[in-house]
Amino acid sequence: MDGIPISWFLTLSAILFALGVAGFLFRRNIITVFMSIELMLNAVNLSFITFSYKLQKVDGHLLAFFVMVVAAAEAAVGLAIILTVFKNRSTLNIDDIDTLKN
Amino acid sequence: MDVILFLIFATIAVVCAINVVVQTHPISSALSLVGVMGSLAVLYLLLGAEFIAAAQVIVYAGAIMVLFIFVIMLLNAGAEVKKGQSTMALFLGVPLLAGLLIVMCWYLQSWFPIGTTVHFGGFQSTAPHTGPLAQSGGSAHEVGIALFTRYLLPFEVTSVLILIAILGAIVLARKEID
Amino acid sequence: MNLAAAFQMLSVLVVPLIGFIAAMCVPRSRPQNSRSLALVMSLLAFLDSLQLISKFDRTQGGEQFVLDLTWIPSVDIHFATSVNGVSLWLIVLTTFLTPLCVLVSWNSIQSRVKEFYAFLLLLEFGLVGVFLAQDLFLFYVFWEVSLVPMYFLVGIWGHDRRIYAAVKFFLYTMAGSMLMLVAIIYLYLQAHTFSYTKILEMLSRGDLSFTAGEQMLLFLAFFVAFAIKVPLFPLHTWLPDAHVEAPTAGSIMLASVMLKMGTYGIMHFCVPLFPRSAHTCAPWIAVLAIIGIIYGALVAMVQPNMKKLVAYSSVSHLGFVVLGIFSFSQAGMDGAVYQMLNHGISTGALFAIVGLLYERRHSLEIKDFGGVATVAPWLSTAFLITTLASIGLPLLNNFVGEFLVLQGTAMEHYQWTIYASIGVILSACYMLWLYQRVFYGEVNPEVRSHISDLIPREWAVVIPLVVMMVWMGVYSQSFLPTVGKVTALVLEQSKINVPERVQIHGPRAGSMEAANAR
Amino acid sequence: MQLWLIPLLPLAGFLINGILGRRLPKSLINAVAIGSVVLSFGWVLKTLFGLDLNTAHTEHYFTWIQSGTLSIGCDFSVDRLTAVMLLVVTGIGSLIHIYSIGYMAHEGGYYRFFAYLNLFMFFMLVLVLGANYLVLFVGWEGVGLCSYLLIGFYFDKKFATNAGNKAFIVNRVGDFGFSLAMFYIFRTFGSLDFATVFGQTAGASEATLTMIGLLLLVGACGKSAQLPLYVWLPDAMAGPTPVSALIHAATMVTAGVYMCARSFPIYTHAPAAMNAIAVVGIATAFFAATIGLAQTDIKKVFAYSTVSQLGYMFVGVGCGAFSAGIYHLMTHAFFKALLFLGSGSVIHALSGEQDMREMGGLRTKIPWTCWTMFCASIAIAGVPLTSGYFSKEAILAAANQHAPWMFWLGTITAGMTAFYVFRAWCMTFLGTYRGHHHPHESPPSMLVPLAILAVLSIAGGLLFKIPTFLATFFPEHEVPEDFTLTLIASSAGIIGILLAFLIYGFKPSIADAFARAVKPLYTFVYNKYYVDELYDNVIVKPVVNGSRVVLWKGFDAGLIDAIVNGTGTRARNLGSVLRLIQSGNIRSYATWVLLGSLGVIAVIVGIASSGGMR
Amino acid sequence: MHASAGFFSPVDLVRFLPEIILTVVGTFLMVLDPILHKRSSHAFGHLSLLALIAAMGGSIYAYTEPGKSFNDMLVVDGFATFFRVLVIGVGIFTVLLSYRFLEREDAETSEYHALLLFSVAGQCMMAASNDLIMIFIGLEISSISSYVLAGYLRDDKRSSESALKYFLLGSFATAFFLYGVALIYGSTGSVNLSEVRRIITGPDVPSPVFIGLAAALMFVGLGFKVSAAPFQMWAPDVYQGAPTPVAAFLSAGPKAAAFAIFLRIFTTAFEPMSIAWQPVVFGGAAVLSMTIGNFAALLQSNVKRMLAYSSIAHAGYLMVALTARDNGTPAAMFYLVAYAFMNIGAFAVVAHLSGKGERYQTLDDFAGLAQKQPLTAAMLTIFMLSLIGVPLTGGFFGKFYIFKAAIESKMVWLSVFGLLNSAVGAFYYLRVLVMMYMHEPSKASSEVEPLPWGLGTALVLPAIATLFLGIFPSWVLDFARSATLLK
């Protein structure tokens with residue numbers, strides 16, 4: 001086989017994205033949920049890089065780079081938010097954070 | 001060769017990703033996530049994205065995940081306790097997710113049938129050679145040039161983003177750090 | 001454009017608005033000032049409207065005092081107002097009743113006096129605006145604007161279930177007017193103008209035409225909005241609630257003027273704009289109107305509450321108006337307009353006097369009264385005259401209207417008249433029964449201790465109303481000629497695009513037709 | 001000739017007394033009330049003498065209602081028929097006004113009474129003078145109003161106000177017919193003016209005219225208390241007695257007869273309608289007379305008698321003997337007014353007692369009343385040469401020509417009439433006094449009118465030969481004189497009188513025995529055949545209860561409002577379902593996001609790919 | 001394009017002026033924090049107010065040099081300027097709202113205002129971006145600062161929960177958006193909107209299905225930001241938990257910016273492709289949003305939550321405008337302005353009434369406000385009437401204009417549905433009026449403090465603006481119409 005079909009990368013990306021979504025939906029620990037988001041972002045990055053290869057343009061790398069920066073920023077703020085939540089409620093179970101409803 | 005490499009690391013990535021989802025202890029999830037990121041870095045290299053691969057390892061697997069693990073440790077988060085709430089997520093989520101996945105895969109497969117295939121070193125810089133080695137299209141050089149020309153504005157603006165992140169973290173977590 | 005005349009017209013609109021703003025500025029601690037201010041401003045508006053009458057050219061049927069200013073140029077919305085022989089009287093009715101409402105509320109409103117009068121004046125502004133507007137958008141604006149003060153009048157100063165009633169009133173009307181808004185926009189997009197007169201011109205020239213289905217939907221959208229306001233059976237259930245709960249002034253304005261917005265709208269907009277649909281729907285609407293006439297009267301008969309009784313009687317009376325309009329005869333339309341004015345006067349008076357009774361006895365339940373005639377003869381006399389007007393006794397105003405409506409209907413559809421006339425019988429039943437139970441009989445001790453006869457301020461309310469009842473009943477020529485010119489135009493317009501319609505036949509032809517039918 | 005002055009004088013009296021009356025002394029009230037009516041009477045006389053009555057004299061004042069081709073003027077007109085009516089109304093009216101001074105002297109609301117009476121005079125005169133149907137209708141409704149007000153004069157009495165309402169509402173049923181007739185007339189002829197309409201009747205189709213005629217008859221039945229709308233009149237006796245005399249005997253109730261006679265050009269072209277009038281009339285006459293046989297309230301007797309006599313007038317009109325009908329209208333006004341005034345005098349004497357079983361032997365105590373009433377009684381019984389004799393004979397003769405069975409029924413009725421009138425007279429004046437009041441004779445203000453009316457009752461028929469006066473007015477065919485018929489009819493009356501004397505004058509026990517013998521029938525008749533109860537149970541109660549239960553509670557509140565409020569409830573229900581979704585759980589929210597995204601993807605991709613297939 | 005130049009021209013800086021001002025002052029505030037004493041906490045507010053006003057001036061000044069800059073990353077056109085001014089305006093009112101709030105809650109002021117300025121800067125960027133990556137970064141700047149602002153009262157359970165929900169779900173939705181961006185990049189080879197449009201309209205049309213897939217994913221992300229159904233779930237919880245001035249800000253600023261992006265991407269960049277499915281998707285979202293928003297709001301007793309549902313409903317109306325595509329663009333723009341005013345005003349009253357610790361937020365707490373503070377009640381009345389859509393208010397004209405556009409685009413059914421829905425909506429807005437005017441004063445309204453100047457301004461100005469927009473809408477309308485997108 002001459003090289004790897006592009007679609008394999010993209011499919012991998014889709015699978016990882018889906019797993020990220022699954023993690024968001026099924027995990028109860030807030031931190032794990034948050035990590036699932038990171039997983040989704042990684043999946044997207046893979047798509048960017050793959051498309052970049054296909055198009056033979058570097059732009060995709062830049063996009064992936066910016067995504068990383070954003071992910072980093074989100075991580076910092078997100079974890080800080082998780083800290084305050086934990087401080088207020090002493091729990092990391094996402095199902096317990098449901099006082100605001102209806 | 002490329003195919004085998006891809007298959008190995010793709011498998012690792014998927015298995016680790018599944019592990020992220022199924023592990024109940026956040027530390028295990030975090031470590032699995034590091035695994036995903038690592039194997040992705042390899043795939044990036046395969047795609048000629050040298051700079052991003054490096055950044056992936058340093059920034060993502062390194063910095064960000066360390067931050068995660070710090071917080072997990074700080075909060076002394078244990079294995080999650082299963083409470084039978086929100087079964088809806090499960091009942092609706094699984095089929096939906098399967099649906100999403102199938103749709104995506106179907107379209108991706110059908111839209112990129114054979115076309116270009118990926119092989120290592122298949123993405124070369126079009127810029128004139130300036131060094132001894134043939135430059136990859138995703139080298140730090142190429143990325144750097146793009147970053148400071150075409151993507152100057154986003155690049156500058158991300159600094160604001162970082163600033164906000166710092167500010168936000170300070171605002172929210174100050175008491176704990178005091 | 002005659003600027004001086006237009007200014008005259010505008011001042012009728014603006015004076016209440018100024019009054020509203022001024023009333024808002026009066027200090028809360030001086031309720032007396034609010035009252036006086038409201039009285040002065042409403043009287044000013046009334047005098048203005050009298051000026052309007054005097055400057056009105058009675059020989060003309062069309063719009064007068066035409067004013068057309070661009071308001072929102074980007075959407076071609078104009079501040080276009082004018083007066084015709086019908087709206088003139090409705091405006092005068094509004095300005096005539098407002099001072100009376102001020103007087104009626106003089107003592108009965110003791111809380112938040114300032115706001116009360118402010119809202120009353122705002123209401124007057126909105127109502128006058130509705131009758132002036134010649135731009136569909138502007139019309140809609142005033143239509144809705146008049147809703148708000150009434151909502152507050154009912155909701156703040158009403159009785160026990162005022163909130164339910166106010167909200168019901170608001171939502172009912174709102175639901176209907178939303179449909180109208182869609183229709184107005186649709187019309188605009190077809191005609192590229194909101195100007196009612198221009199649209200009519202385009203229709204008559206054939207520059208603008210609708211498919212039958214389109215026209216029907218547009219007609220219904222307008223009609224439902226108006227029918228809710230009228231209210232036409234079976235869209236009437238907001239009315240009894242709103243009336244019962246409203247303060248006296250609110251009931252008066254609601255019954256006397258606001259309901260006319262609906263019938264005015266039907267006549268001024270629905271029929272000329274969508275004549276074919278109007279003709280197509282006429283039998284159905286007439287059936288509803290007749291059901292309303294009889295149904296309203298029957299239900300009124302069994303009401304234990306005075307205001308509710310009067311409210312249902314309004315359903316009945318307004319049925320005549322709708323019937324008259326959809327008879328598509330000159331007499332029927334004239335009668336409909338006249339009946340609008342009559343109902344305004346006589347039902348206004350009914351509510352005013354019921355309000356006076358409430359002020360004394362603090363009850364609206366009929367069973368709490370009895371023998372009032374013994375202790376308050378003049379009050380009873382006033383109510384009697386109003387009752388008689390309301391049941392259509394000749395020489396009082398309603399008779400003329402009812403007669404014209406029924407006669408007009410009879411010219412075109414004799415069988416409708418037969419059913420509608422039953423309403424005339426029933427109106428005597430419920431009103432006289434009411435009168436008997438409230439005013440006649442042994443004096444109940446509660447009544448004796450609470451109810452006193454009219455005081456001068458109340459005389460000032462009652463006398464103008466009674467005078468108007470007699471005037472309008474005896475000498476309708478003061479009013480009808482201008483009305484007739486307008487209705488003739490409306491009839492003319494309603495014939496456009498109605499090729500299949502048989503030409504309106506004169507009396508002789510009618511007799512031949514009737515003779516042949518037998 | 002200023003016809004307007006005739007009704008306007010009483011109106012002025014009404015306004016003065018009505019507005020200022022409470023503060024005026026009684027003498028001034030009397031002066032205004034009686035003055036206005038008497039002046040009006042005078043003006044009528046002056047006018048009539050100054051006019052050539054062979055043609056109608058019409059005056060137009062102003063246009064009352066105008067709309068397109070419809071134009072109705074406020075017009076008055078005078079012709080021979082009007083002249084008769086004017087004289088009867090103002091003449092009898094004046095007498096009764098005078099009578100009322102005495103009768104009402106001790107009643108509360110004195111000014112109110114006279115104001116109402118004046119108002120009544122106004123409307124009655126408008127009715128009579130009106131030159132078109134609508135003006136006639138003004139008077140028609142107006143007299144109804146006054147009737148309502150005066151029946152309910154004692155407004156603190158429930159039965160009085162009930163009777164007032166009943167009168168008004170039943171009249172409204174009649175007016176329903178009348179107004180429909182007007183609409184039809186206008187629809188057909190394009191006018192409501194008598195002159196215009198009657199000028200065109202010859203050309204109109206019989207069916208149309210029959211229709212109009214029948215509708216007018218409905219109106220007349222209401223106002224003139226004919227079957228089946230007569231029920232209000234007996235109850236109307238709740239009003240003061242002068243009212244019964246003036247309105248419910250002499251004038252207002254005859255308006256139906258007047259209106260039918262006035263509309264003769266329509267009726268003459270619609271024989272079926274005329275026949276209907278005659279049938280209604282004779283049926284009413286007989287039916288009411290039977291009820292009158294068993295009544296014990298003196299005024300009730302005369303009330304049913306009035307209904308019955310009005311039936312005669314209808315027979316007259318219906319048989320084409322219009323002038324006979326009017327003739328009887330006039331003579332009836334004399335003797336029935338007298339009967340009522342006389343009974344009023346009795347009641348006055350007995351301080352309000354109306355039950356004849358509590359009377360008796362008053363002949364000596366109130367002789368004036370007794371003998372004036374005797375005059376009236378023989379007049380109504382049709383004793384030859386009295387006024388009633390002439391008019392009744394004329395009607396019966398016409399009836400015989402029209403349909404002999406009507407004559408026979410009419411004759412039997414005449415016998416019954418004589419019987420119950422004399423029954424009443426005997427029970428009141430003969431025998432011994434059974435009550436416990438102290439009877440006293442009435443004041444002169446009451447007795448003078450009684451006396452005048454007594455003269456008129458006896459001699460009125462001879463003095464005023466109405467058929468002759470109206471001969472040129474109505475197109476009547478000559479009714480041949482038939483002495484046999486006259487004999488039969490008058491002997492029926494005399495037999496009735498004798499029978500009454502026999503039973504009630506000498507042996508009252510016979511009556512009781514007879515009543516006991518036919519107890520069920522007696523009770524049935526005594527209770528007026530339970531017609532009121534029938535109407536009450538068949539019409540009034542079902543309508544009222546149906547309105548309350550079915551329409552108001554059921555339809556209005558139960559259905560429409562339930563739908564309206566139900567919409568609100570359903571909206572809230574939908575809201576609460578939506579609230580359930582909002583569980584506060586992040587993961588479930590995410591699931592919804594996922595669901596939504598899949599939905600959006602499905603839609604977009606679906607549409608895009610179907611576009612792509614194209 | 002002369003993209004080869006690595007640097008930028010002064011014109012580029014002018015076109016980026018508002019963002020520069022905002023970020024510089026934001027940073028400056030952080031620096032200043034240790035220097036200025038906490039007591040003079042108002043100083044930060046004044047400063048950020050000045051910055052915002054300057055930025056507004058800047059954005060107008062930038063419009064004197066319209067065009068694209070920074071290698072097509074940024075575009076300054078009427079549309080961008082319109083939204084820049086709008087979001088900055090929202091920022092100004094938020095600052096005014098926050099004075100008393102921060103004082104009352106004893107919260108840090110410098111960071112708050114800095115974050116606010118950054119957030120506004122992010123929204124300005126979104127409004128002026130011509131490139132998906134810039135849009136993404138602007139979105140993140142705006143969002144991340146909003147997350148922090150939502151959780152600003154870190155000791156408050158509700159606030160932190162609100163922040164967490166907003167953050168997690170926001171990031172989740174952003175990931176979808178990003179995936180969409182990736183697919184666009186893959187199919188067109190560019191993330192520049194002008195470029196994307198050129199390619200889509202050009203000869204080598206990429207697969208519409210693929211673009212559609214990308215568009216769908218981006219719709220998820222943006223739909224989330226504007227709280228359109230079915231991505232609206234977060235809004236009630238977040239608005240309720242967030243500090244009231246922040247909720248006011250969230251309901252107006254980010255929403256407006258996200259709608260700007262919606263318009264840029266869907267009605268401009270994707271135009272030839274989106275014609276087919278836009279009515280269905282947007283129409284569907286509109287119907288769902290209006291229904292869910294209005295019906296769920298019927299039962300709310302918490303006013304903030306009710307306003308959140310109302311904002312969902314209003315997103316639905318805006319979606320109607322988007323469904324109408326070109327006709328609807330100016331309508332949507334006008335509506336966003338009107339909505340911003342009335343919504344901020346409404347939240348301002350809530351902020352005023354709720355008292356320390358935001359205790360009083362329920363409908364019952366509004367009882368009798370009209371007796372205690374007639375002016376406040378009158379202002380809220382204007383806002384509520386405007387939200388209902390009663391004429392002579394901005395809300396009415398906005399609705400009118402939107403539904404006009406919809407009917408123009410032959411979507412009568414959608415208009416009828418929408419307008420009937422707004423009649424339903426009238427019910428819950430009326431409940432507020434009922435409470436204020438028709439009931440006896442509650443504890444909350446009895447204790448309410450006199451209106452402070454900042455809040456007062458944030459009440460009176462929007463009220464005036466609401467009326468102004470209702471009576472003389474031409475101003476804004478004409479600008480919105482002339483500010484159609486650069487294609």
# chains A, B, ... in the order shown; residues from 1 in each chain; ligands from 1
>>> residues_around(residues="Thr210 in chain D", least_positions_apart="2", cutoff="9 Å", atoms="only C-alpha atoms", output="MDAnalysis selection string")
chainID D and resid 205:208 212:215 266:267 269:274
>>> interface_residues(of="chain A", to="chain E", cutoff="8 Å", atoms="only C-alpha atoms", output="count of residues only")
29
>>> residues_around(residues="range 51-59 of chain C", least_positions_apart="6", cutoff="8 Å", atoms="only C-alpha atoms", output="list in words")
Ala5, Gln8, Met9, Gly85, Leu88, Pro481 and Thr482 of chain C
>>> residues_around(residues="Met319 in chain E", least_positions_apart="6", cutoff="8 Å", atoms="only C-alpha atoms", output="VMD selection string")
chain E and resid 228 282 to 283 285 to 286
>>> interface_residues(of="chain B", to="chain E", cutoff="6 Å", atoms="only C-alpha atoms", output="list in words")
Thr149, Arg150, Pro154, Leu161 and Gly168 of chain B
>>> closest_residue(among="C:Leu357, C:Leu17, C:Ile451, C:Ala183", to="chain E", atoms="only C-alpha atoms")
C:Ala183
>>> closest_residue(among="D:Gly352, D:Pro439, D:Gly431, D:Pro242", to="Lys507 in chain D", atoms="only C-alpha atoms")
D:Gly431
>>> atom_distance(atom1="CA of Gly221 in chain E", atom2="CA of Ser289 in chain E")
15.6 Å
>>> residues_around(residues="range 30-39 of chain B", least_positions_apart="6", cutoff="9 Å", atoms="only C-alpha atoms", output="tab-separated table (two decimals) with N, CA and C atoms, in the first residue's frame")
chain	number	residue	atom	x	y	z
A	31	ILE	N	-13.29	16.74	36.57
A	31	ILE	CA	-11.97	16.87	35.92
A	31	ILE	C	-11.90	15.95	34.71
A	32	THR	N	-12.43	14.77	34.87
A	32	THR	CA	-12.43	13.84	33.72
A	32	THR	C	-13.27	14.40	32.58
A	35	MET	N	-11.27	16.77	30.89
A	35	MET	CA	-10.26	16.12	30.06
A	35	MET	C	-10.86	15.62	28.75
A	36	SER	N	-12.11	15.23	28.82
A	36	SER	CA	-12.76	14.78	27.59
A	36	SER	C	-12.82	15.90	26.57
A	38	GLU	N	-10.62	18.20	26.31
A	38	GLU	CA	-9.28	18.27	25.74
A	38	GLU	C	-9.12	17.21	24.65
A	39	LEU	N	-9.69	16.05	24.93
A	39	LEU	CA	-9.61	14.97	23.94
A	39	LEU	C	-10.30	15.40	22.64
A	42	ASN	N	-8.08	17.72	20.82
A	42	ASN	CA	-7.00	16.99	20.17
A	42	ASN	C	-7.46	16.35	18.88
B	8	ILE	N	-0.25	1.30	14.46
B	8	ILE	CA	0.19	1.13	15.85
B	8	ILE	C	-0.27	2.30	16.69
B	9	PHE	N	0.06	3.53	16.19
B	9	PHE	CA	-0.21	4.69	17.05
B	9	PHE	C	-1.68	5.05	17.06
B	10	ALA	N	-2.30	4.78	15.95
B	10	ALA	CA	-3.75	5.02	15.96
B	10	ALA	C	-4.41	4.11	16.98
B	11	THR	N	-3.97	2.85	17.00
B	11	THR	CA	-4.54	1.91	17.97
B	11	THR	C	-4.28	2.39	19.39
B	12	ILE	N	-3.01	2.79	19.61
B	12	ILE	CA	-2.71	3.29	20.97
B	12	ILE	C	-3.62	4.45	21.31
B	13	ALA	N	-3.74	5.38	20.35
B	13	ALA	CA	-4.57	6.57	20.62
B	13	ALA	C	-5.99	6.17	20.96
B	14	VAL	N	-6.54	5.28	20.15
B	14	VAL	CA	-7.94	4.91	20.40
B	14	VAL	C	-8.08	4.19	21.72
B	15	VAL	N	-7.15	3.23	21.98
B	15	VAL	CA	-7.25	2.48	23.23
B	15	VAL	C	-7.12	3.42	24.42
B	16	CYS	N	-6.15	4.32	24.33
B	16	CYS	CA	-5.99	5.27	25.44
B	16	CYS	C	-7.24	6.14	25.58
B	17	ALA	N	-7.78	6.57	24.43
B	17	ALA	CA	-8.97	7.42	24.50
B	17	ALA	C	-10.12	6.68	25.15
B	18	ILE	N	-10.26	5.40	24.76
B	18	ILE	CA	-11.30	4.60	25.41
B	18	ILE	C	-11.02	4.51	26.90
B	19	ASN	N	-9.79	4.36	27.22
B	19	ASN	CA	-9.43	4.28	28.63
B	19	ASN	C	-9.79	5.55	29.37
B	20	VAL	N	-9.57	6.68	28.70
B	20	VAL	CA	-9.97	7.96	29.32
B	20	VAL	C	-11.44	7.90	29.70
B	23	GLN	N	-12.14	4.72	32.51
B	23	GLN	CA	-11.54	4.74	33.84
B	23	GLN	C	-12.38	5.59	34.79
B	53	ALA	N	4.04	18.75	16.44
B	53	ALA	CA	4.30	17.54	17.21
B	53	ALA	C	5.07	17.88	18.47
B	56	GLN	N	2.90	19.72	20.78
B	56	GLN	CA	1.94	18.78	21.36
B	56	GLN	C	2.54	18.13	22.60
B	57	VAL	N	3.77	17.69	22.45
B	57	VAL	CA	4.40	17.01	23.58
B	57	VAL	C	4.69	17.98	24.72
B	60	TYR	N	1.02	20.40	25.42
B	60	TYR	CA	-0.16	19.64	25.80
B	60	TYR	C	0.15	18.56	26.82
B	61	ALA	N	0.91	17.58	26.31
B	61	ALA	CA	1.19	16.45	27.20
B	61	ALA	C	1.98	16.92	28.41
B	62	GLY	N	2.81	17.90	28.18
B	62	GLY	CA	3.61	18.38	29.28
B	62	GLY	C	2.81	19.31	30.17
B	65	MET	N	-1.31	18.86	30.82
B	65	MET	CA	-1.68	17.67	31.57
B	65	MET	C	-1.10	17.69	32.97
B	68	PHE	N	-3.42	19.52	35.00
B	68	PHE	CA	-4.55	18.67	35.36
B	68	PHE	C	-4.20	17.79	36.56
B	69	ILE	N	-3.07	17.17	36.44
B	69	ILE	CA	-2.70	16.22	37.50
B	69	ILE	C	-2.48	16.95	38.82
>>> select_by_dssp(residues="range 64-169 of chain C", states="alpha helix (DSSP H)", output="ChimeraX atom specification")
/C:87-108,113-132,136-145,147-157,162-169
>>> interface_residues(of="chain D", to="chain C", cutoff="8 Å", atoms="only C-alpha atoms", output="PyMOL selection string")
chain D and resi 63-68+70+137-138+141-142+155-158+161-162+165+168-169+172-173+176+180+183-184+186-190+204-205+207-208+543-544+547-548+551-552+556+560-561
>>> interface_residues(of="chain C", to="chain E", cutoff="6 Å", atoms="only C-alpha atoms", output="list in words")
Ile72, Val141, Ile156, Met174, Ala175, Met178 and Ile185 of chain C
